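See below for the structure under consideration.
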Amino acid sequence: MELRIKKIQNAGDISSEFIELTAIDPVNLKNFILSDSYNTHSTKIVRNHTYWFPELIVNAGTTIRLNTRKGLNNLKLANLYWNLDEPLWKDKLIAAYLIRIDDYLPFPDSKGFSDSLFSCSY
């Protein structure tokens, strides 16, 4: 994959928590989403939050910083914000999933809410 999770820093502290990613090859970030999930050690894994990366082409070797807290994206520095009110990585059972989106097709569910259907590779 062209993008890789490098580390989660300052887990549990909303003022400084972030996840750092590295571009392995030149890539457009808009082809990726990042999701957290909570594994209860049962068959159920719950995904709670999903971050859709903005359109941003980065070179190989570029470090992307995704801050959990609120802020304004600085695309020139690849410093992004999830704009959440609480930290995500406060429990060791919470995992980060980086997913490459090959196709995206919105469709309405029975309540009229638009969800997403996509094919992906891990």
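By order in the structure tokens, chains are A, B, ...; within a chain, residues start at 1; ligands start at 1, following the order shown.
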
Find the spatial neighbours of A:Lys90, counting only C-alpha atoms, within a cut-off of 12 Å - ignore same-chain residues fewer than 5 positions away - and output them as a PyMOL selection string. chain A and resi 8-14+17-18+36-38+68+95-96

Shell around A:Trp82 at 12 Å using only C-alpha atoms, local window under 3 positions removed, as a VMD selection string: chain A and resid 14 17 to 19 33 to 36 49 to 54 65 to 73 79 85 to 88

Could you check how far atom CA of A:Gly61 sits from atom CA of A:Ile99, in Å to one decimal? 19.0 Å

I'd like the contact shell of A:Glu20 - 6 Å cut-off, only C-alpha atoms, skipping same-chain residues fewer than 5 positions apart - returned as a list in words.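 Everything that qualifies: Lys6, Lys7, Ile64 and Arg65 of chain A.
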
Rank A:Leu56, A:Leu21, A:Leu80, A:Leu29 by their smallest atom-to-atom distance to A:Ile101, using only C-alpha atoms, and report the top residue only.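 For A:Ile101, the nearest of the given residues is A:Leu29.
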
Closest to A:Pro26 among A:Arg100, A:Trp89, A:Asn83, A:Leu3, using only C-alpha atoms?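 Residue with the minimum atom-to-atom distance to A:Pro26: A:Leu3.
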
Two-atom distance - atom CA of A:Ala78, atom CA of A:Lys92 (Å): 26.6 Å

Run DSSP on the backbone and grab whatever in stretch 9-58 of chain A lands in strand (DSSP E); send it over as a list in words. Gln9, Phe18, Ile19, Glu20, Leu21, Thr22, Ala23, Val27, Asn28, Phe32, Ile33, Leu34, Ser35, Asp36, Ser37, Tyr38, Asn39, Ile45, Val46, Arg47, Asn48, His49, Thr50, Tyr51, Trp52, Ile57 and Val58 of chain A

What is the distance, in Å and to one decimal place, between atom CA of A:Leu98 and atom CA of A:Ser16? 20.7 Å
